[in-house]
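Working notes for the structure below.
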Amino acid sequence: MRRVVLIFVWMVSASALWAQDKQPQLEVTFEETETVPGQPLTLRLTVLVPTFMPDPPMWPDFETPNLMVRLPEKASSPTSKRIDGETWSGISRRYQITPVVPGTFEMPAGEVTVRYRALEGSDVLEATLPVPAQTVTGVVPDGAEALDPFVAAEKLTLTQTVEGESKGLEAGASFARVIEVNIEGVSPMFLPPVTPEDGLAGLRAYPESPVIEETENRGLVKGVRREKTVYVAEGGVDGVLPDVRLAWFNLETGKVEEAVVEAIEVQVDAPVLAPRSDPLDVMTLVWWAVVVVLFMALIAIFVRWGAPLVRQRWRLTQERYLNGARNAYRILRKTLKARQLGASKQAYLVWAQRVPVADPETETAIKQAFLDIGAVQFGKNPRENETQAWLHLKALCDRKRQKSRYRHDTQAPELPPLNPVSTHQT
């Protein structure tokens with residue numbers, strides 16, 4: 001008889017440990033952490049659950065200065081894996097991490113929130129899986145240290161088009177210089193401006209916003225940066241617009257190359273404009289003085305009467321938020337995450353007084369969930385069930401929030417005492 005009892009206890013313990021091990025899992029794959037600036041690295045996150053996920057996971061964004069984080073085409077895809085002889089379902093998400101400049105950068109830690117169906121019953125559980133911080137390094141290849149700015153690609157070409165005539169112009173005539181940079185193996189967003197800022201006396205430049213076009217075909221990124229500048233003749237000109245040079249590192253040959261477009265001769269038949277200095281305009285000075293005085297008067301009026309009203313309105317807004325249901329629910333979620341029973345019960349009471357009541361079934365289930373957690377912490381129930389009990393309580397609170405969102409009746413909830421009274425005799 002004693003042997004039978006021991007076998008039964010062992011089977012119950014093994015079943016509890018088996019259920020506890022069936023928690024969602026997160027696999028982080030980041031094989032290469034060093035690359036040339038502009039070349040992407042692949043970071044893959046894979047979430048696996050023992051049942052299935054009714055909703056997509058909530059993924060981190062990994063936004064980091066000097067790193068470009070992008071989701072390629074079909075970044076998320078379903079997957080599965082055999083774990084302990086069973087098939088777990090999951091979702092894999094792929095990120096492209098690209099250092100913009102040379103250096104070492106740390107991507108902050110994040111978390112993945114996943115909702116999945118419980119092993120038994122129809123409850124939907126929620127788990128938060130931590131994602132560790134990652135380090136990414138942008139390395140400048142040997143021989144390319146002098147490149148400023150640094151541009152690395154598999155192919156890069158410069159082309160130039162002149163719209164109109166640049167010679168034999170008269171005052172008021174115009175022409176346009178269009179420079180295109182075609183690049184392969186890297187996004188055109190990494191290309192710097194190439195049109196020279198230096199102009200010619202008597203020639204006014206009107207640059208347009210650059211146009212950037214990018215395409216991707218089977219992982220090969222290529223694109224073009226197009227810069228157009230319109231030049232208007234204002235006076236006599238006899239000179240050249242300088243040539244354009246862009247040094248870049250060829251990833252295929254491992255060498256620094258230079259792309260060049262020729263200079264443009266400009267000739268305008270008109271008198272040469274002499275530098276002019278506008279005479280002092282007294283009326284303009286008076287006008288600006290009046291504007292400054294009025295502006296200072298408006299500032300003084302605001303400081304005297306407007307600022308107190310703004311401070312009062314801000315204080316009322318803060319008080320309304322602190323005493324509102326949203327802040328109360330935020331505090332409740334924080335205490336539930338910390339698994340503080342007393343603080344969670346107090347936070348729930350405060351939140352429940354500020355929101356409409358839910359259906360009787362949900363209210364009763366929340367009361368019972370608090371009792372279950374109290375029984376685990378202060379009674380004789382096994383501690384292994386505590387995690388599931390907290391997750392169940394959090395799901396019930398979320399359900400109450402959803403069901404009572406559009407109702408306006410409120411009622412203070414009645415919860416049992418913090419420590420449940422055990423019925424066992426010692």
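FYI, nothing fancy with the structure tokens labels: chains A, B, ... in order, residues from 1 per chain, ligands from 1 as they appear.
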Contact residues around A:Thr51 with only C-alpha atoms at 8 Å, ignoring same-chain residues under 6 positions, as a list in words: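 Close residues of A:Thr51: Trp88, Ser89, Tyr116, Arg117, Ala118 and Leu119 of chain A.
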A:Ala338 surroundings by only C-alpha atoms, 10 Å radius, close-in-sequence under 6 positions cut, as number ranges by chain: A: 332, 344, 390
Shell around A:Val260 at 7 Å using only C-alpha atoms, local window under 2 positions removed, as an MDAnalysis selection string: chainID A and resid 158 244:246 258 262
Exercise: A:Thr161 partners within 9 Å, only C-alpha atoms, chain neighbours under 3 positions left out, as a ChimeraX atom specification: /A:176-180
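Straight-line separation from atom CA of A:Thr253 to atom CA of A:Val151: 14.2 Å.
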Between atom CA of A:Val376 and atom CA of A:Gln340 - distance in Å to one decimal: 12.8 Å
Counting only C-alpha atoms, the residue of A:Lys74, A:Arg339, A:Lys255, A:Arg226 that sits nearest A:Ala153: A:Lys255
